[in-house]
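Q: Below is protein.tsv; it holds TSV, C-alpha atoms and all ligand atoms.
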```
chain	number	residue	atom	x	y	z
Q	207	MET	CA	-11.18	55.55	21.99
Q	208	LEU	CA	-13.49	54.01	19.37
Q	209	PRO	CA	-17.19	53.84	20.03
Q	210	LEU	CA	-18.61	50.41	20.90
Q	211	PHE	CA	-19.87	50.05	17.34
Q	212	GLY	CA	-16.28	50.42	16.11
Q	213	TYR	CA	-15.08	47.52	18.32
Q	214	LEU	CA	-17.93	45.30	17.30
Q	215	HIS	CA	-17.25	46.13	13.69
Q	216	LEU	CA	-13.57	45.31	14.12
Q	217	THR	CA	-14.36	42.05	15.93
Q	218	PHE	CA	-16.77	41.12	13.16
Q	219	PHE	CA	-14.09	41.88	10.57
Q	220	LEU	CA	-11.58	39.67	12.38
Q	221	PHE	CA	-14.15	36.89	12.66
Q	222	TYR	CA	-14.92	37.21	8.93
Q	223	TYR	CA	-11.24	37.23	8.00
Q	224	VAL	CA	-10.38	34.17	10.08
Q	225	THR	CA	-13.36	32.08	9.05
Q	226	VAL	CA	-13.61	32.99	5.38
Q	227	PHE	CA	-10.20	34.00	4.08
Q	228	ASN	CA	-8.30	31.63	6.27
Q	229	SER	CA	-10.78	28.79	6.05
Q	230	ARG	CA	-9.94	25.12	5.74
Q	231	PRO	CA	-12.33	22.26	6.37
Q	232	CYS	CA	-12.22	21.71	10.12
Q	233	VAL	CA	-13.52	18.20	10.56
Q	234	GLY	CA	-13.20	15.21	8.26
Q	235	ALA	CA	-10.63	16.86	6.05
Q	236	ARG	CA	-8.75	14.15	4.25
Q	237	MET	CA	-5.10	14.92	3.96
Q	238	VAL	CA	-2.94	13.27	1.34
Q	239	PRO	CA	-1.19	10.47	3.19
Q	240	GLU	CA	2.56	10.18	2.99
Q	241	SER	CA	2.19	6.69	1.59
Q	242	GLU	CA	0.84	8.12	-1.67
Q	243	SER	CA	4.19	9.42	-2.71
Q	244	VAL	CA	6.32	7.01	-4.65
Q	245	THR	CA	10.02	7.29	-4.05
Q	246	VAL	CA	12.00	6.58	-7.14
Q	247	ILE	CA	15.19	4.81	-6.27
Q	248	THR	CA	17.75	5.78	-8.82
Q	249	ALA	CA	20.08	3.30	-10.40
Q	250	GLU	CA	22.95	4.92	-8.48
Q	251	THR	CA	21.24	4.04	-5.20
Q	252	HIS	CA	21.76	0.41	-5.88
Q	253	ASN	CA	22.81	-1.33	-9.05
Q	254	ALA	CA	20.37	-4.14	-8.48
Q	255	THR	CA	17.43	-1.80	-9.06
Q	256	ALA	CA	18.64	-1.04	-12.57
Q	257	THR	CA	16.28	-3.53	-14.24
Q	258	TRP	CA	13.11	-1.56	-13.62
Q	259	GLN	CA	14.82	1.78	-13.24
Q	260	GLU	CA	15.77	1.62	-16.91
Q	261	PHE	CA	12.08	1.92	-17.75
Q	262	SER	CA	12.33	5.62	-16.90
Q	263	LYS	CA	13.93	6.14	-20.33
Q	264	PHE	CA	10.51	5.33	-21.86
Q	265	LEU	CA	9.02	8.49	-20.34
Q	266	HIS	CA	6.73	10.17	-22.92
Q	267	ALA	CA	7.23	7.40	-25.51
Q	268	GLU	CA	4.23	7.54	-27.84
Q	269	ARG	CA	1.90	5.00	-29.38
Q	270	GLY	CA	2.94	4.02	-32.92
Q	271	SER	CA	6.64	4.62	-32.38
Q	272	GLN	CA	9.51	2.15	-32.35
Q	273	VAL	CA	11.19	2.28	-28.95
Q	274	SER	CA	14.35	0.29	-28.48
Q	275	GLY	CA	13.99	-2.08	-25.50
Q	276	ILE	CA	10.29	-1.46	-24.84
Q	277	TRP	CA	9.73	-5.21	-25.22
Q	278	GLU	CA	11.10	-5.46	-21.67
Q	279	LEU	CA	8.36	-3.16	-20.39
Q	280	LYS	CA	5.86	-5.42	-22.17
Q	281	GLU	CA	7.40	-8.39	-20.32
Q	282	TYR	CA	6.83	-6.48	-17.07
Q	283	PHE	CA	3.17	-5.90	-17.93
Q	284	HIS	CA	2.90	-9.53	-18.97
Q	285	ARG	CA	4.34	-10.68	-15.65
Q	286	PHE	CA	1.91	-8.65	-13.59
Q	287	GLY	CA	-1.18	-9.57	-15.60
Q	288	TYR	CA	-1.74	-6.69	-18.00
Q	289	LEU	CA	-0.57	-8.04	-21.35
Q	290	THR	CA	-0.67	-11.40	-23.11
Q	291	LEU	CA	1.77	-12.54	-25.76
Q	292	PRO	CA	-0.14	-13.00	-29.05
Q	293	GLU	CA	-0.36	-16.70	-29.99
Q	294	THR	CA	1.34	-16.03	-33.31
Q	295	ALA	CA	4.33	-14.26	-31.74
Q	296	GLN	CA	7.43	-15.70	-30.10
Q	297	ASN	CA	8.52	-12.51	-28.36
Q	298	PHE	CA	7.26	-9.03	-27.62
Q	299	THR	CA	8.29	-6.36	-30.17
Q	300	ASP	CA	9.75	-2.89	-29.71
Q	301	THR	CA	6.63	-1.22	-31.14
Q	302	PHE	CA	4.51	0.92	-28.82
Q	303	ASP	CA	1.34	-0.74	-30.11
Q	304	LYS	CA	-2.37	-0.65	-29.26
Q	305	GLN	CA	-1.96	-3.62	-26.89
Q	306	LEU	CA	0.64	-1.76	-24.84
Q	307	GLU	CA	-1.63	1.25	-24.69
Q	308	SER	CA	-4.52	-0.96	-23.46
Q	309	ALA	CA	-2.21	-2.49	-20.85
Q	310	LEU	CA	-1.34	1.02	-19.69
Q	311	PHE	CA	-5.01	1.98	-19.38
Q	312	LEU	CA	-5.67	-1.08	-17.25
Q	313	TYR	CA	-2.52	-0.62	-15.15
Q	314	GLN	CA	-3.34	3.01	-14.43
Q	315	LYS	CA	-6.90	2.11	-13.47
Q	316	ARG	CA	-5.81	-0.67	-11.12
Q	317	LEU	CA	-3.13	1.40	-9.45
Q	318	GLY	CA	-5.37	4.38	-8.92
Q	319	LEU	CA	-3.37	6.60	-11.30
Q	320	PRO	CA	-4.70	9.15	-13.80
Q	321	VAL	CA	-5.90	7.01	-16.74
Q	322	THR	CA	-4.07	8.54	-19.70
Q	323	GLY	CA	-2.80	5.49	-21.64
Q	324	LYS	CA	0.52	7.33	-21.77
Q	325	LEU	CA	3.90	6.73	-20.17
Q	326	ASP	CA	3.68	9.91	-18.11
Q	327	SER	CA	5.93	10.53	-15.12
Q	328	GLU	CA	3.40	9.36	-12.51
Q	329	THR	CA	2.99	6.06	-14.35
Q	330	ILE	CA	6.75	5.58	-14.77
Q	331	HIS	CA	7.25	6.26	-11.05
Q	332	ALA	CA	4.68	3.57	-10.22
Q	333	ILE	CA	6.23	1.07	-12.63
Q	334	VAL	CA	9.74	1.36	-11.18
Q	335	ALA	CA	8.60	1.26	-7.52
Q	336	PRO	CA	9.33	-1.94	-5.56
Q	337	ARG	CA	6.26	-4.15	-5.36
Q	338	CYS	CA	4.71	-7.48	-4.49
Q	339	GLY	CA	5.33	-10.33	-6.94
Q	340	VAL	CA	1.70	-11.45	-7.01
Q	341	SER	CA	0.05	-10.66	-10.36
Q	342	ASP	CA	-2.65	-8.00	-10.49
Q	343	ALA	CA	-4.61	-10.06	-13.04
Q	344	ALA	CA	-8.13	-11.30	-13.45
Q	345	HIS	CA	-9.67	-11.10	-10.05
Q	346	HIS	CA	-10.52	-7.41	-10.04
Q	347	ARG	CA	-14.12	-6.39	-9.69
Q	348	ILE	CA	-13.92	-2.68	-9.50
Q	349	HIS	CA	-17.07	-1.34	-7.97
Q	350	ALA	CA	-17.99	2.29	-7.42
Q	351	THR	CA	-16.99	2.09	-3.78
Q	352	ARG	CA	-15.03	-1.15	-3.48
Q	353	HIS	CA	-11.53	-1.58	-4.76
Q	354	TYR	CA	-10.40	-4.78	-3.11
Q	355	ALA	CA	-10.05	-7.97	-5.12
Q	356	TYR	CA	-9.80	-11.74	-4.84
Q	357	PHE	CA	-8.00	-14.55	-6.60
Q	358	ASP	CA	-9.87	-16.35	-9.36
Q	359	GLY	CA	-12.63	-18.49	-7.90
Q	360	LYS	CA	-12.54	-16.49	-4.65
Q	361	PRO	CA	-10.73	-19.21	-2.66
Q	362	ARG	CA	-10.68	-19.02	1.16
Q	363	TRP	CA	-9.56	-21.20	4.04
Q	364	LEU	CA	-12.18	-23.70	5.16
Q	365	ARG	CA	-11.62	-24.71	8.75
Q	366	GLY	CA	-14.93	-24.04	10.49
Q	367	SER	CA	-15.65	-21.03	12.61
Q	368	PRO	CA	-14.02	-19.66	14.65
Q	369	MET	CA	-11.07	-20.76	12.61
Q	370	THR	CA	-7.48	-21.32	13.71
Q	371	LEU	CA	-4.68	-21.19	11.17
Q	372	THR	CA	-1.15	-22.13	12.14
Q	373	TYR	CA	2.05	-20.62	10.78
Q	374	ALA	CA	5.74	-21.46	11.01
Q	375	PHE	CA	9.09	-20.22	9.73
Q	376	SER	CA	11.22	-22.40	7.51
Q	377	PRO	CA	14.18	-23.31	9.74
Q	378	ASN	CA	16.54	-23.35	6.75
Q	379	ASN	CA	15.32	-20.15	5.11
Q	380	MET	CA	15.76	-17.33	7.55
Q	381	ILE	CA	18.02	-14.24	7.31
Q	382	ASP	CA	20.99	-13.06	9.37
Q	383	ARG	CA	19.99	-9.42	9.20
Q	384	LEU	CA	17.20	-9.80	11.79
Q	385	SER	CA	17.08	-12.20	14.73
Q	386	VAL	CA	14.43	-14.91	14.91
Q	387	PRO	CA	12.72	-13.38	18.01
Q	388	VAL	CA	12.47	-10.02	16.19
Q	389	ILE	CA	10.99	-11.66	13.08
Q	390	ARG	CA	8.55	-13.67	15.21
Q	391	ALA	CA	7.39	-10.50	16.97
Q	392	VAL	CA	6.87	-8.74	13.62
Q	393	PHE	CA	4.70	-11.57	12.31
Q	394	GLN	CA	2.76	-11.81	15.56
Q	395	ARG	CA	1.79	-8.15	15.18
Q	396	ALA	CA	1.01	-8.56	11.47
Q	397	PHE	CA	-1.24	-11.60	12.03
Q	398	SER	CA	-3.01	-9.95	14.96
Q	399	ARG	CA	-4.08	-7.03	12.75
Q	400	TRP	CA	-6.05	-9.39	10.51
Q	401	ALA	CA	-7.30	-11.45	13.49
Q	402	THR	CA	-8.82	-8.29	14.98
Q	403	VAL	CA	-11.22	-7.92	12.05
Q	404	ILE	CA	-12.15	-11.53	11.13
Q	405	PRO	CA	-13.05	-14.59	13.25
Q	406	VAL	CA	-9.70	-16.27	12.56
Q	407	ASN	CA	-6.94	-17.00	15.10
Q	408	PHE	CA	-3.33	-17.38	14.06
Q	409	GLN	CA	-1.01	-19.54	16.11
Q	410	GLU	CA	2.65	-20.27	15.62
Q	411	ALA	CA	3.02	-24.02	15.00
Q	412	GLU	CA	5.63	-26.15	16.64
Q	413	TRP	CA	6.40	-28.10	13.47
Q	414	TYR	CA	7.07	-26.34	10.18
Q	415	ASP	CA	5.80	-29.23	8.05
Q	416	ALA	CA	2.45	-29.31	9.83
Q	417	ALA	CA	1.77	-25.54	9.62
Q	418	ASP	CA	-0.95	-24.11	7.38
Q	419	ILE	CA	1.16	-21.05	6.52
Q	420	LYS	CA	4.82	-21.69	5.72
Q	421	ILE	CA	7.01	-18.59	5.85
Q	422	GLY	CA	10.57	-18.30	4.55
Q	423	PHE	CA	13.14	-15.97	2.97
Q	424	TYR	CA	14.42	-17.11	-0.43
Q	425	SER	CA	16.92	-15.91	-3.02
Q	426	GLY	CA	16.60	-15.92	-6.80
Q	427	ASP	CA	15.05	-19.00	-8.31
Q	428	HIS	CA	13.60	-21.00	-5.42
Q	429	GLY	CA	11.58	-23.61	-7.25
Q	430	ASP	CA	8.08	-22.14	-7.59
Q	431	GLY	CA	8.46	-20.51	-11.00
Q	432	GLU	CA	8.59	-16.99	-9.52
Q	433	PRO	CA	12.29	-16.22	-9.00
Q	434	PHE	CA	13.24	-13.27	-6.81
Q	435	ASP	CA	15.31	-10.47	-8.33
Q	436	GLY	CA	17.69	-9.13	-5.66
Q	437	VAL	CA	17.45	-5.78	-3.88
Q	438	LEU	CA	14.09	-4.02	-4.44
Q	439	GLY	CA	12.05	-4.93	-7.55
Q	440	VAL	CA	9.86	-7.75	-6.24
Q	441	LEU	CA	9.83	-7.85	-2.41
Q	442	GLY	CA	7.85	-11.01	-1.77
Q	443	HIS	CA	4.87	-13.14	-2.80
Q	444	ALA	CA	2.34	-15.45	-1.25
Q	445	PHE	CA	-0.03	-18.06	-2.63
Q	446	SER	CA	-3.80	-18.08	-2.55
Q	447	PRO	CA	-5.82	-20.26	-0.08
Q	448	GLN	CA	-5.41	-23.00	0.92
Q	449	ASN	CA	-1.80	-23.20	-0.23
Q	450	GLY	CA	-0.14	-21.22	2.55
Q	451	ARG	CA	3.28	-20.63	0.95
Q	452	PHE	CA	4.62	-17.22	1.98
Q	453	HIS	CA	7.97	-16.17	0.48
Q	454	LEU	CA	10.08	-13.07	1.06
Q	455	ASP	CA	13.08	-12.01	-1.03
Q	456	ALA	CA	16.11	-12.74	1.19
Q	457	ALA	CA	18.12	-10.11	-0.71
Q	458	GLU	CA	16.10	-7.17	0.64
Q	459	SER	CA	17.44	-4.93	3.40
Q	460	TRP	CA	14.63	-6.02	5.71
Q	461	SER	CA	14.15	-3.55	8.52
Q	462	VAL	CA	12.09	-3.12	11.67
Q	463	ASP	CA	13.40	0.28	12.70
Q	464	PHE	CA	14.24	3.05	10.22
Q	465	GLU	CA	15.72	5.15	13.02
Q	466	ARG	CA	18.52	2.65	13.42
Q	467	ASP	CA	18.61	1.40	9.85
Q	468	LYS	CA	19.81	4.18	7.58
Q	469	SER	CA	19.91	2.19	4.31
Q	470	ARG	CA	18.08	3.96	1.49
Q	471	VAL	CA	16.83	0.63	0.24
Q	472	ALA	CA	15.57	-0.60	3.64
Q	473	VAL	CA	12.15	-2.26	3.40
Q	474	ASP	CA	9.78	-2.50	6.34
Q	475	LEU	CA	9.26	-6.18	7.12
Q	476	GLU	CA	6.02	-5.65	9.02
Q	477	SER	CA	4.39	-3.79	6.11
Q	478	VAL	CA	5.25	-6.54	3.62
Q	479	ALA	CA	4.26	-9.27	6.12
Q	480	THR	CA	0.85	-7.63	6.66
Q	481	HIS	CA	0.35	-7.34	2.88
Q	482	GLU	CA	1.33	-10.95	2.12
Q	483	ILE	CA	-0.95	-12.29	4.90
Q	484	GLY	CA	-3.77	-10.61	2.96
Q	485	HIS	CA	-2.88	-12.83	-0.03
Q	486	VAL	CA	-2.60	-15.93	2.17
Q	487	LEU	CA	-6.17	-15.19	3.31
Q	488	GLY	CA	-7.43	-14.76	-0.27
Q	489	LEU	CA	-7.22	-11.06	-1.06
Q	490	GLY	CA	-5.81	-9.76	-4.33
Q	491	HIS	CA	-4.44	-6.28	-4.93
Q	492	SER	CA	-6.41	-3.15	-4.21
Q	493	SER	CA	-6.36	0.04	-6.28
Q	494	VAL	CA	-6.65	2.15	-3.12
Q	495	LYS	CA	-3.20	3.68	-2.59
Q	496	GLU	CA	-3.55	3.80	1.21
Q	497	ALA	CA	-4.70	0.17	1.43
Q	498	VAL	CA	-2.35	-2.48	2.81
Q	499	MET	CA	-3.27	-4.54	-0.29
Q	500	TYR	CA	-1.98	-1.90	-2.76
Q	501	PRO	CA	0.71	-3.70	-4.80
Q	502	SER	CA	3.70	-1.39	-4.30
Q	503	LEU	CA	5.60	-0.16	-1.26
Q	504	SER	CA	8.36	2.41	-1.40
Q	505	PRO	CA	11.58	1.78	0.52
Q	506	ARG	CA	11.65	3.31	4.02
Q	507	LYS	CA	7.83	3.42	4.13
Q	508	LYS	CA	5.74	1.79	6.82
Q	509	LYS	CA	2.16	0.86	5.98
Q	510	VAL	CA	0.71	-1.60	8.46
Q	511	ASP	CA	-2.75	-0.31	9.38
Q	512	LEU	CA	-5.65	-2.02	7.63
Q	513	THR	CA	-7.91	0.43	5.81
Q	514	ILE	CA	-11.67	0.13	5.38
Q	515	ASP	CA	-11.04	-1.31	1.91
Q	516	ASP	CA	-8.81	-4.10	3.31
Q	517	VAL	CA	-11.28	-4.87	6.10
Q	518	GLU	CA	-14.34	-4.97	3.82
Q	519	GLY	CA	-12.47	-7.24	1.43
Q	520	VAL	CA	-11.38	-9.79	4.02
Q	521	GLN	CA	-14.70	-9.71	5.88
Q	522	ALA	CA	-16.53	-10.55	2.65
Q	523	LEU	CA	-14.53	-13.83	2.76
Q	524	TYR	CA	-14.63	-14.68	6.47
Q	525	GLY	CA	-17.25	-12.48	8.13
Q	526	SER	CA	-16.52	-10.07	10.94
Q	527	ASN	CA	-14.82	-10.68	14.24
Q	528	PRO	CA	-17.68	-10.19	16.75
Q	529	ASN	CA	-15.49	-7.78	18.73
Q	530	PHE	CA	-14.72	-5.58	15.75
Q	531	SER	CA	-16.58	-2.38	14.94
Q	532	PHE	CA	-16.07	-0.16	11.93
Q	533	SER	CA	-16.51	2.92	14.09
Q	534	SER	CA	-13.19	2.23	15.83
Q	535	LEU	CA	-11.50	1.84	12.45
Q	536	LEU	CA	-13.09	5.02	11.14
Q	537	GLN	CA	-11.99	6.77	14.28
Q	538	SER	CA	-8.39	5.65	13.95
Q	539	GLU	CA	-8.32	6.40	10.20
Q	540	ASN	CA	-9.59	9.88	10.74
Q	541	SER	CA	-8.06	10.58	14.13
Q	542	SER	CA	-4.84	12.11	12.87
Q	543	ASN	CA	-6.67	14.21	10.29
Q	544	PHE	CA	-9.31	15.07	12.85
Q	545	ALA	CA	-6.69	16.10	15.42
Q	546	GLU	CA	-4.95	18.28	12.85
Q	547	GLY	CA	-8.25	19.85	11.80
Q	548	LEU	CA	-9.32	20.38	15.39
Q	549	LYS	CA	-6.00	21.96	16.31
Q	550	SER	CA	-6.26	24.31	13.37
Q	551	CYS	CA	-9.90	25.20	14.17
Q	552	PHE	CA	-9.07	25.65	17.81
Q	553	SER	CA	-6.26	28.06	17.08
Q	554	LYS	CA	-8.38	30.12	14.68
Q	555	TRP	CA	-11.31	30.39	17.07
Q	556	THR	CA	-9.04	31.06	20.01
Q	557	LEU	CA	-7.43	33.89	18.09
Q	558	THR	CA	-10.77	35.39	17.08
Q	559	LEU	CA	-12.27	35.18	20.56
Q	560	ALA	CA	-9.12	36.45	22.25
Q	561	LEU	CA	-8.99	39.49	19.98
Q	562	GLY	CA	-12.70	40.11	20.46
Q	563	PHE	CA	-12.41	39.97	24.24
Q	564	LEU	CA	-9.31	42.11	24.20
Q	565	LEU	CA	-11.12	44.81	22.24
Q	566	LEU	CA	-14.13	44.68	24.55
Q	567	PHE	CA	-11.83	44.80	27.57
Q	568	LEU	CA	-10.04	47.88	26.20
Q	569	ARG	CA	-13.42	49.53	25.61
Q	570	LEU	CA	-14.32	49.00	29.27
R	1	ZN	ZN	0.67	-8.46	-3.18
R	2	ZN	ZN	8.29	-18.21	-3.99
```
Translate the structure described by the file into structure tokens.
A:
Amino acid sequence: MLPLFGYLHLTFFLFYYVTVFNSRPCVGARMVPESESVTVITAETHNATATWQEFSKFLHAERGSQVSGIWELKEYFHRFGYLTLPETAQNFTDTFDKQLESALFLYQKRLGLPVTGKLDSETIHAIVAPRCGVSDAAHHRIHATRHYAYFDGKPRWLRGSPMTLTYAFSPNNMIDRLSVPVIRAVFQRAFSRWATVIPVNFQEAEWYDAADIKIGFYSGDHGDGEPFDGVLGVLGHAFSPQNGRFHLDAAESWSVDFERDKSRVAVDLESVATHEIGHVLGLGHSSVKEAVMYPSLSPRKKKVDLTIDDVEGVQALYGSNPNFSFSSLLQSENSSNFAEGLKSCFSKWTLTLALGFLLLFLRL
């Protein structure tokens, strides 16, 4: 049997091993959320995604070179607010020019990507991902700690306080894929998330024409100059205050339950609804990947919880709901990470203590 010193020494060694060599931050560790990964849907998945998917052929194209078809990528950047057509030109050219490089710098900055000015794989993945049709232009004020944005002029709804906004579904522009009660329940949940943080109530209106927010599913060109493009690509768009138009692409495989819906191109209706309500209220796109107001959403991903960035952005427009506290939001944001960290800490300490006690017990 070892002398007592030997046991203490061994216990100390175990303690040292577990805490130093096996160490991981125990509390407040921020794990990379699943939503950060961008699923690339290949052209084989669905032919309708081919438009943007073709941009993957521009991977590693370099500034100064002639790249056949890159004018289409310039059109994409033009559409989402990163590139303007020179006044002297009729069309974009196939030259990877300085303007395209500048557009890339801006795009990467606004989407929270490594700012390289190059068509690297991370950037290509972001470009081909399905996204919101609202432009990322102009309204960004990137601050050291704030990444949310507004529309030009910072418009908001003006209805007194506390405010009630009504919403309704276009009776002629619904989808067969999901029943009306299911869609209504999705929107009720989506609106209530925003109502929890700002002094605004949302009520379903009896009459569509009288509603502040008019929701509908539309296909292709639907008369507002922003045609939808079929499966994936653009998922939806909404107008700034106090317009209230809220349009979803009827061609998407809208889903409320990925367990039942096995389609690889299924899109979570609640996530897109929550995002578009942010626009209806006056928020632009955020560069925080976890934020509801980030412009893209991969198929089969659910992202419905407002982050601190979303909440700070919308509260700067409407003030805070008196019943809301940031501590509850911080708690819920960190709870899963905290629980993981705690579990890991608990198991390490339990192991150390158990071994220590076992050794002392054997000594006795
Ligand atoms: Zn958007
Ligand atoms: Zn529209």
Q: Taking only C-alpha atoms and all ligand atoms into account, report as a short mmCIF file (atom, residue, chain, number, x, y, z; two decimals) with C-alpha atoms, in the coordinates of the input which residues have an atom no farther than 6 Å from an atom of ligand ZN 2 (chain R).
A:
```cif
data_model
loop_
_atom_site.label_atom_id
_atom_site.label_comp_id
_atom_site.auth_asym_id
_atom_site.auth_seq_id
_atom_site.Cartn_x
_atom_site.Cartn_y
_atom_site.Cartn_z
CA ASP Q 430 8.08 -22.14 -7.59
CA GLU Q 432 8.59 -16.99 -9.52
CA HIS Q 453 7.97 -16.17 0.48
#
```
Q: Could you produce a table of the residues of chain Q lying within 6 Å of ligand ZN 1 (chain R), with the nearest pair of atoms per residue and their separation in Å rounded to one decimal, using only C-alpha atoms and all ligand atoms, ordered by chain and increasing residue number, as JSON lines?
A:
```
{"residue": "Q:Cys338", "atom": "CA", "partner": "R:ZN1", "partner_atom": "ZN", "distance": 4.4}
{"residue": "Q:Val340", "atom": "CA", "partner": "R:ZN1", "partner_atom": "ZN", "distance": 5.0}
{"residue": "Q:Glu482", "atom": "CA", "partner": "R:ZN1", "partner_atom": "ZN", "distance": 5.9}
{"residue": "Q:His491", "atom": "CA", "partner": "R:ZN1", "partner_atom": "ZN", "distance": 5.8}
{"residue": "Q:Pro501", "atom": "CA", "partner": "R:ZN1", "partner_atom": "ZN", "distance": 5.0}
```
Q: What is the distance between atom CA of Q:Ile404 and atom CA of Q:Tyr524, in Å to one decimal?
A: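 These atoms are spaced 6.1 Å apart.
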Q: One decimal, Å: what's the distance from atom CA of Q:Asp418 over to atom CA of Q:Met499, could you say?
A: 21.1 Å
Q: I'd like the interatomic distance between atom CA of Q:Ala417 and atom CA of Q:Ser477, to a tenth of an Å.
A: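 Spanning atom CA of Q:Ala417 to atom CA of Q:Ser477 is a straight-line distance of 22.2 Å.
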Q: Using only C-alpha atoms, can you tell me which of Q:Asp474, Q:Glu518, Q:Asp326, Q:Asp342 comes closest to Q:His284?
A: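 The shortest atom-to-atom distance to Q:His284 comes from Q:Asp342.
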Q: Looking at Q:His353, Q:Arg390, Q:Arg395, Q:Lys263, which one is nearest to Q:Ile514, with distances taken over all atoms listed in the file?
A: Q:His353
Q: Let me make sure I understand: among Q:Pro361, Q:Pro433, Q:Gly519, Q:Pro528, which one has the smallest atom-to-atom distance to Q:Val486 if we use only C-alpha atoms?
A: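 Going through Q:Pro361, Q:Pro433, Q:Gly519, Q:Pro528 one by one, the smallest distance to Q:Val486 is for Q:Pro361.
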Q: Residues of stretch 262-339 of chain Q that approach stretch 455-471 of chain Q to 12 Å or less, counting all atoms listed in the file: could you list each one with the shortest pair of atoms and its distance in Å to one decimal, rows by chain and increasing residue number, as a tab-separated table?
A:
```
residue	atom	partner	partner_atom	distance
Q:Ala335	CA	Q:Val471	CA	11.3
Q:Pro336	CA	Q:Val471	CA	9.8
Q:Arg337	CA	Q:Asp455	CA	11.3
Q:Cys338	CA	Q:Asp455	CA	10.1
Q:Gly339	CA	Q:Asp455	CA	9.9
```
Q: Which residues come within 8 Å of Q:Leu265, counting all atoms listed in the file, excluding same-chain residues fewer than 3 positions away, as a short mmCIF file (atom, residue, chain, number, x, y, z; two decimals) with C-alpha atoms, in the coordinates of the input?
A:
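This went into around-v1.cif:
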```cif
data_model
loop_
_atom_site.label_atom_id
_atom_site.label_comp_id
_atom_site.auth_asym_id
_atom_site.auth_seq_id
_atom_site.Cartn_x
_atom_site.Cartn_y
_atom_site.Cartn_z
CA PHE Q 261 12.08 1.92 -17.75
CA SER Q 262 12.33 5.62 -16.90
CA LEU Q 325 3.90 6.73 -20.17
CA ASP Q 326 3.68 9.91 -18.11
CA SER Q 327 5.93 10.53 -15.12
CA ILE Q 330 6.75 5.58 -14.77
#
```
Q: Find the residue from Q:Val494, Q:Asp516, Q:Asp300, Q:Phe452 that sits nearest to Q:Leu319; use all atoms listed in the file when measuring.
A: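 Nearest to Q:Leu319: Q:Val494.
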Q: Using only C-alpha atoms, which of the listed residues (Q:Tyr373, Q:Ile419, Q:Ala396, Q:Ser446) sits closest to Q:Val478?
A: Q:Ala396
Q: Please return as a list of chain:residue names every residue within 8 Å of (9.0, 1.1, 4.2), taking into account only C-alpha atoms and the file's own coordinates.
A: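 Counting only C-alpha atoms, I find these residues within 8 Å of (9.0, 1.1, 4.2): Q:Ala472, Q:Val473, Q:Asp474, Q:Leu475, Q:Ser477, Q:Leu503, Q:Ser504, Q:Pro505, Q:Arg506, Q:Lys507, Q:Lys508, Q:Lys509.
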Q: Between Q:Thr299, Q:Ser367, Q:Ser308, Q:Thr513, which is the closest to Q:Lys324 once you count only C-alpha atoms?
A: Q:Ser308
Q: So that I can see what lies close to Q:Asn407, please list as a list of chain:residue names the residues with an atom at most 9 Å from it, counting all atoms listed in the file and leaving out residues fewer than 2 positions away in the same chain.
A: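 The residues satisfying every condition are Q:Pro368, Q:Met369, Q:Thr370, Q:Leu371, Q:Thr372, Q:Phe397, Q:Ser398, Q:Trp400, Q:Ala401, Q:Thr402, Q:Ile404, Q:Pro405, Q:Gln409.
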